[in-house]
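A.B. asks: My questions will all concern the structure given below.
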Amino acid sequence: MQAQNSSFQKISVILPIVLLFLSLTQCTADAIWGIEPELLRERLIQGQRDFLRELQIEKNNLAEAFQLGPGAPLYLSRHFASIGRDRTAEQLLVLQWRRGDSPWKQEAALQLIDLYLSSERFAEAEHLAARVHRRAPSARIGSRAERALVEAMYWQQKDEEVLEILERLRAESWDAELDLFRAVSSRRLEKPQWRRLFIDLFFNNPTSALHSRAFAFLEQGEDLVAFSTPVAEFFRAKDLLYRGRNAEAIELLSSSLPALQPQRPDMQIVFSELGTAYLAESLYDTGAERLLDLAAELPPQDRLDAVEMAGRLHRKGGDFAKAEQLLTEVVRDTTSTVQRDRAVWFLLDMARRASSESLLTAIESFAPGWHEPRYFGDILEAEISRIIARGNWEQLLSLYRTVAGYAPPYTTARLAYLTGRSIALGLSDPGASFLSPQALFLQARDSGRQYYRFLAETALTGLGFPPRWELELEDADIGFQHAADDGDCEKSSLVCLIRGYFEYGLPEIATELLRSRLDEVPPRLLVESAEVLQSRGEYLSSIRLMSLYASGSDGSTTVADLKLMYPKAYNQWIEEVSAEEELPAPLFFALVREESLFDPQIVSRSGAVGLTQLMVDTAADAARWLRMEEYDLHDPRQNLRLGAMHFSRQLGRVDNFPKALMAYNAGLSRVRSWEGSFPSFPVDLMVEAIPYAETRNYVRKILVSAVYYGALYYDRSLEQTVLQFFPGLDRF
């Protein structure tokens with residue numbers, strides 16, 4: 001009886017405790033560290049992280065993270081690391097690795113390995129990397145783990161194991177640091193090939209931090225004496241180059257190179273780096289002569305590398321005659337198309353400095369042999385503007401005839417449009433070639449280069465051609481294919497990982513992953529990701545992803561895609577200030593997009609702030625007109641208000657939108673100067689004639705954006721928007 005009473009008393013004591021435990025468990029079953037899961041996720045998505053500092057997270061409640069999702073510990077670890085709770089971040093990664101599922105398990109392990117390496121916990125890194133490598137579900141994960149395993153072993157001086165792994169490492173997994181590991185491990189083991197490995201490291205790689213690390217190892221170990229004096233001097237010179245001590249490096253390289261036969265370094269690298277050092281020290285003529293002396297007895301291609309750099313040094317020093325002679329030799333004798341294009345570019349640049357006639361003669365000679373036409377786009381762009389500024393329309397026609405079929409597509413479109421425009425306006429005579437404006441406009445329209453395509457399309461309507469662009473826009477709406485069609489996590493672990501970073505409020509990491517592994521993700525994932533970013537107001541990242549998507553698409557861009565590329569961000573406020581200042585809303589949307597990609601926090605290198613990129617003095621001037629005593633340029637509504645006022649004032653001082661845009665970008669005083677220089681020019685030709693490439697491109701970008709905003713949201717045709725910029729373009 002006593003025993004029964006005793007048992008009863010024990011039960012009566014234990015039962016309340018069990019009930020209390022169950023009640024507590026019930027209360028927290030739907031909570032993560034005391035916060036409802038959806039509330040926790042929502043706060044992270046909104047960028048709130050400070051509340052994480054106060055959370056009481058212990059080892060016994062760490063696993064509550066899984067209530068948020070199977071990959072939650074991985075993603076939450078990033079948030080905790082960002083606020084300095086490194087221990088919690090590490091514990092979450094360990095939890096994900098030990099108890100999680102693929103693909104988060106492997107990703108957490110790789111991040112843990114990186115953490116161990118960066119904190120010099122090499123034994124832990126080795127142990128985990130070995131386990132991940134053995135169990136890797138994919139070649140990529142296995143390769144990353146094996147690379148980390150080599151590094152962990154290297155720092156522990158497990159040199160036999162390092163060399164064993166390096167022997168079997170695949171070529172695609174190799175990087176220059178592994179050359180250093182192999183050389184150092186071989187030296188520590190006194191392998192007979194260690195000297196050869198250091199020589200290869202120094203002789204065959206562009207100068208980097210690796211050379212300073214390798215040189216420090218040899219110097220501290222007193223191993224430089226194992227090499228000949230010229231080789232040791234070459235090693236020291238590479239270290240000096242990395243540290244920016246160019247004068248000392250030049251002397252060592254110049255003295256050591258002649259004695260390095262037959263152990264000869266990669267002379268293309270040597271001459272490039274030696275020439276760069278001469279340029280940095282302003283030793284133009286001296287450097288050129290020394291390079292030619294060094295290369296006198298070398299094989300033909302090595303000598304040409306020296307000749308090219310010598311020519312560039314003479315050009316920089318102003319001795320154009322010698323530069324031309326040397327660079328012409330390179331063009332004539334090199335077997336490298338890249339080197340030929342590079343030498344031709346320098347020759348064209350020198351010809352441009354001499355005169356337009358010299359440049360046209362040089363282009364006529366070299367254009368048929370261009371390997372990559374885009375390489376010469378900047379020279380052609382500047383020269384076209386210079387020709388138009390002088391009103392030399394016959395020379396423009398001559399340039400078009402010379403480069404037709406050789407110039408990059410954008411330059412071809414520009415020349416076709418401008419040549420057609422000059423003929424249509426009676427400024428130039430097509431002569432015996434019978435070039436017609438309509439044929440030239442058709443060429444510009446069909447080039448696919450948007451700005452000149454839009455102008456040519458509008459000009460063609462004045463010649464009786466039916467509009468085409470609007471029909472293409474309507475046909476483009478073929479419906480959105482969601483990237484989820486590309487499979488679940490087992491089929492596409494990268495897609496799953498990227499989506500998770502978005503879902504847990506880490507869009508910057510998701511975007512970085514997308515960019516770095518673009519060739520591994522389905523293209524429409526970029527669109528899906530851009531949608532997520534835009535829904536959260538991350539317009540800048542969203543637009544940049546859509547630009548990546550568009551650059552790699554096959555032309556099947558949909559209207560939905562275009563609305564992601566040209567979003568109606570801050571719609572209410574932009575509509576409001578546009579109406580107040582009597583500005584076309586599509587134009588002001590375009591201005592804000594091109595100025596800031598709708599990022600209210602952006603600050604340019606010149607100090608322009610916010611959505612409309614206002615300088616502080618400009619904003620203060622606009623604020624006085626608006627009687628705003630206090631304002632914050634990072635506040636979207638206030639910035640838009642000030643930017644609209646400033647643009648409206650510029651527009652009131654000039655007579656059209658392109659000039660107002662030029663004033664907004666380059667200043668009103670410059671626009672007045674350009675008006676004086678080109679008083680009889682139609683405004684589209686004035687844009688082409690101004691000497692500022694940035695301002696020319698600014699007007700072009702905003703017109704293209706305005707066309708899209710007008711068509712997508714305001715039922716405006718291409719011609720309506722273009723003619724708002726350039727009245728009379730459709731009249732001849």
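Ordering of the structure tokens sets the chain letters (A, B, ...), residue numbers begin anew at 1 in every chain, and ligands are numbered from 1 in the order given.
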Env of Arg544 of chain A: 12 Å cut, atoms = only C-alpha atoms, seq-sep filter 5 positions within chain, self excluded. Answer as JSON, numbers by chain.
C.D. replies: {"A": [511, 512, 514, 515, 526, 527, 529, 530, 531, 533, 534, 538, 539, 549, 550, 551, 564, 565, 566, 593, 594, 596, 597, 598, 599]}
A.B. asks: Please identify all polymer residues within 12 Å of Lys563 of chain A, counting only C-alpha atoms, omitting same-chain residues fewer than 2 positions from it, and present them as number ranges by chain.
C.D. replies: A: 473, 477, 527, 530-531, 534, 539, 542-543, 546, 557-561, 565-569, 705, 708-713
A.B. asks: In Å to one decimal, how far is atom CA of Pro408 of chain A from atom CA of Arg374 of chain A?
C.D. replies: 5.1 Å
A.B. asks: Fewer than 6 positions away in the same chain doesn't count, so skip those; otherwise give me all residues within 7 Å of segment 204-215 of chain A, counting only C-alpha atoms, as a ChimeraX atom specification.
C.D. replies: /A:177,180,235-236,238-239,242,265-266,269
A.B. asks: Excluding segment 123-137 of chain A and its own-chain neighbours fewer than 5 positions away, which residues fall within 8 Å of it when counting only C-alpha atoms? Please give them as a list in words.
C.D. replies: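 My reading of the contact set: Gln106, Ala109, Leu110, Leu112, Ile113, Asp114, Tyr116, Leu117, Gly142, Ser143, Ala145, Glu146, Ala148, Leu149, Ala152, Met153 and Gln156 of chain A.
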A.B. asks: With only C-alpha atoms as the counted atoms, please give the residues lying no more than 12 Å from segment 60-64 of chain A, apart from itself and same-chain residues fewer than 5 positions off, as a ChimeraX atom specification.
C.D. replies: /A:25,28-37,55,69-74,76-77,87-96,98-100
A.B. asks: Mind dumping the selected residues with C-alpha atoms as a compact mmCIF listing (two decimals), in the first residue's frame?
C.D. replies:
# COMPACT_ATOMS: atom_id res chain seq x y z
CA THR A 25 5.40 22.48 -27.12
CA THR A 28 5.73 26.94 -29.86
CA ALA A 29 5.09 24.28 -32.49
CA ASP A 30 4.11 26.94 -34.99
CA ALA A 31 6.79 29.41 -33.91
CA ILE A 32 10.46 29.77 -34.69
CA TRP A 33 12.37 31.16 -31.73
CA GLY A 34 9.12 32.77 -30.59
CA ILE A 35 8.16 34.30 -33.97
CA GLU A 36 5.48 33.08 -36.35
CA PRO A 37 7.12 31.63 -39.49
CA LEU A 55 16.50 36.19 -30.64
CA GLY A 69 11.45 25.18 -44.88
CA PRO A 70 13.95 22.44 -45.76
CA GLY A 71 16.67 24.96 -46.74
CA ALA A 72 15.95 27.53 -44.02
CA PRO A 73 19.13 27.01 -41.94
CA LEU A 74 21.28 27.69 -45.01
CA LEU A 76 19.11 32.11 -42.28
CA SER A 77 22.83 31.64 -41.70
CA ARG A 87 28.55 31.63 -34.17
CA THR A 88 24.82 31.25 -34.85
CA ALA A 89 25.46 31.44 -38.58
CA GLU A 90 28.01 28.63 -38.34
CA GLN A 91 25.73 26.49 -36.18
CA LEU A 92 22.95 26.82 -38.74
CA LEU A 93 25.27 25.70 -41.54
CA VAL A 94 26.34 22.70 -39.48
CA LEU A 95 22.67 21.89 -38.82
CA GLN A 96 21.88 22.12 -42.54
CA ARG A 98 24.09 17.22 -40.80
CA ARG A 99 20.30 17.07 -40.91
CA GLY A 100 19.25 18.73 -44.15
A.B. asks: Using DSSP on the backbone, list every residue of segment 283-511 of chain A that comes out as helix (DSSP H, G or I), and give them as a ChimeraX atom specification.
C.D. replies: /A:284-295,300-317,320-333,337-354,356-369,373-389,393-403,409-424,431-433,437-445,450-461,469-475,483-486,493-503,507-511
A.B. asks: Just checking: using only C-alpha atoms, which residue out of A:Glu575, A:Asp159, A:Glu581, A:Asp200 ends up closest to Gln263 of chain A?
C.D. replies: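 Closest to Gln263 of chain A, using only C-alpha atoms: A:Asp200.
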A.B. asks: Please measure the separation of atom CA of Ser385 of chain A and atom CA of Ala444 of chain A, giving the value in Å to one decimal.
C.D. replies: 17.4 Å
A.B. asks: Please provide as a compact mmCIF listing (two decimals) with N, CA and C atoms, in the first residue's frame all residues within 10 Å of Met350 of chain A, with the sequence filter that same-chain residues fewer than 3 positions apart are discarded (counting only C-alpha atoms).
C.D. replies:
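Generated output (around_4.txt):
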# COMPACT_ATOMS: atom_id res chain seq x y z
N ARG A 315 54.12 56.10 -79.73
CA ARG A 315 52.85 56.83 -79.91
C ARG A 315 52.54 57.67 -78.68
N GLY A 318 54.59 60.69 -78.50
CA GLY A 318 54.37 61.69 -79.54
C GLY A 318 55.21 61.51 -80.78
N PHE A 320 55.02 59.94 -83.70
CA PHE A 320 54.05 59.19 -84.50
C PHE A 320 54.71 58.50 -85.71
N ALA A 321 55.78 59.11 -86.24
CA ALA A 321 56.44 58.51 -87.41
C ALA A 321 57.02 57.14 -87.04
N ALA A 323 56.19 55.32 -84.42
CA ALA A 323 55.08 54.46 -84.00
C ALA A 323 54.40 53.85 -85.22
N GLU A 324 54.16 54.65 -86.24
CA GLU A 324 53.50 54.15 -87.44
C GLU A 324 54.35 53.09 -88.13
N VAL A 344 46.11 47.85 -85.67
CA VAL A 344 45.34 48.69 -86.58
C VAL A 344 44.62 49.79 -85.82
N TRP A 345 44.08 49.45 -84.65
CA TRP A 345 43.37 50.48 -83.86
C TRP A 345 44.31 51.64 -83.54
N PHE A 346 45.53 51.34 -83.11
CA PHE A 346 46.47 52.42 -82.79
C PHE A 346 46.83 53.22 -84.04
N LEU A 347 46.97 52.56 -85.17
CA LEU A 347 47.26 53.28 -86.41
C LEU A 347 46.09 54.19 -86.81
N ARG A 353 44.02 61.64 -85.47
CA ARG A 353 44.59 62.85 -84.88
C ARG A 353 45.19 63.75 -85.95
N ALA A 354 45.64 63.13 -87.04
CA ALA A 354 46.24 63.93 -88.12
C ALA A 354 45.16 64.68 -88.90
N SER A 355 44.16 63.96 -89.43
CA SER A 355 43.09 64.60 -90.19
C SER A 355 42.05 63.56 -90.55
N SER A 358 43.23 61.62 -93.57
CA SER A 358 44.17 60.54 -93.25
C SER A 358 43.45 59.33 -92.68
N LEU A 359 42.46 59.59 -91.83
CA LEU A 359 41.72 58.49 -91.24
C LEU A 359 40.93 57.73 -92.30
N ALA A 362 43.23 55.53 -94.18
CA ALA A 362 43.64 54.38 -93.38
C ALA A 362 42.51 53.36 -93.26
A.B. asks: So how far away is atom CA of Asp305 of chain A from atom CA of Gln325 of chain A, in Å?
C.D. replies: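 Spanning atom CA of Gln325 of chain A to atom CA of Asp305 of chain A is a straight-line distance of 14.4 Å.
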A.B. asks: Find, counting only C-alpha atoms, the residue in A:Asn571, A:Ser436, A:Ser138, A:Thr618 that gets nearest to Pro103 of chain A.
C.D. replies: A:Ser138
A.B. asks: In terms of the shortest atom-to-atom distance over only C-alpha atoms, which of A:Arg700, A:Arg352, A:Leu685, A:Leu525 is closest to Leu591 of chain A?
C.D. replies: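 That would be A:Arg700, the residue with the smallest distance to Leu591 of chain A.
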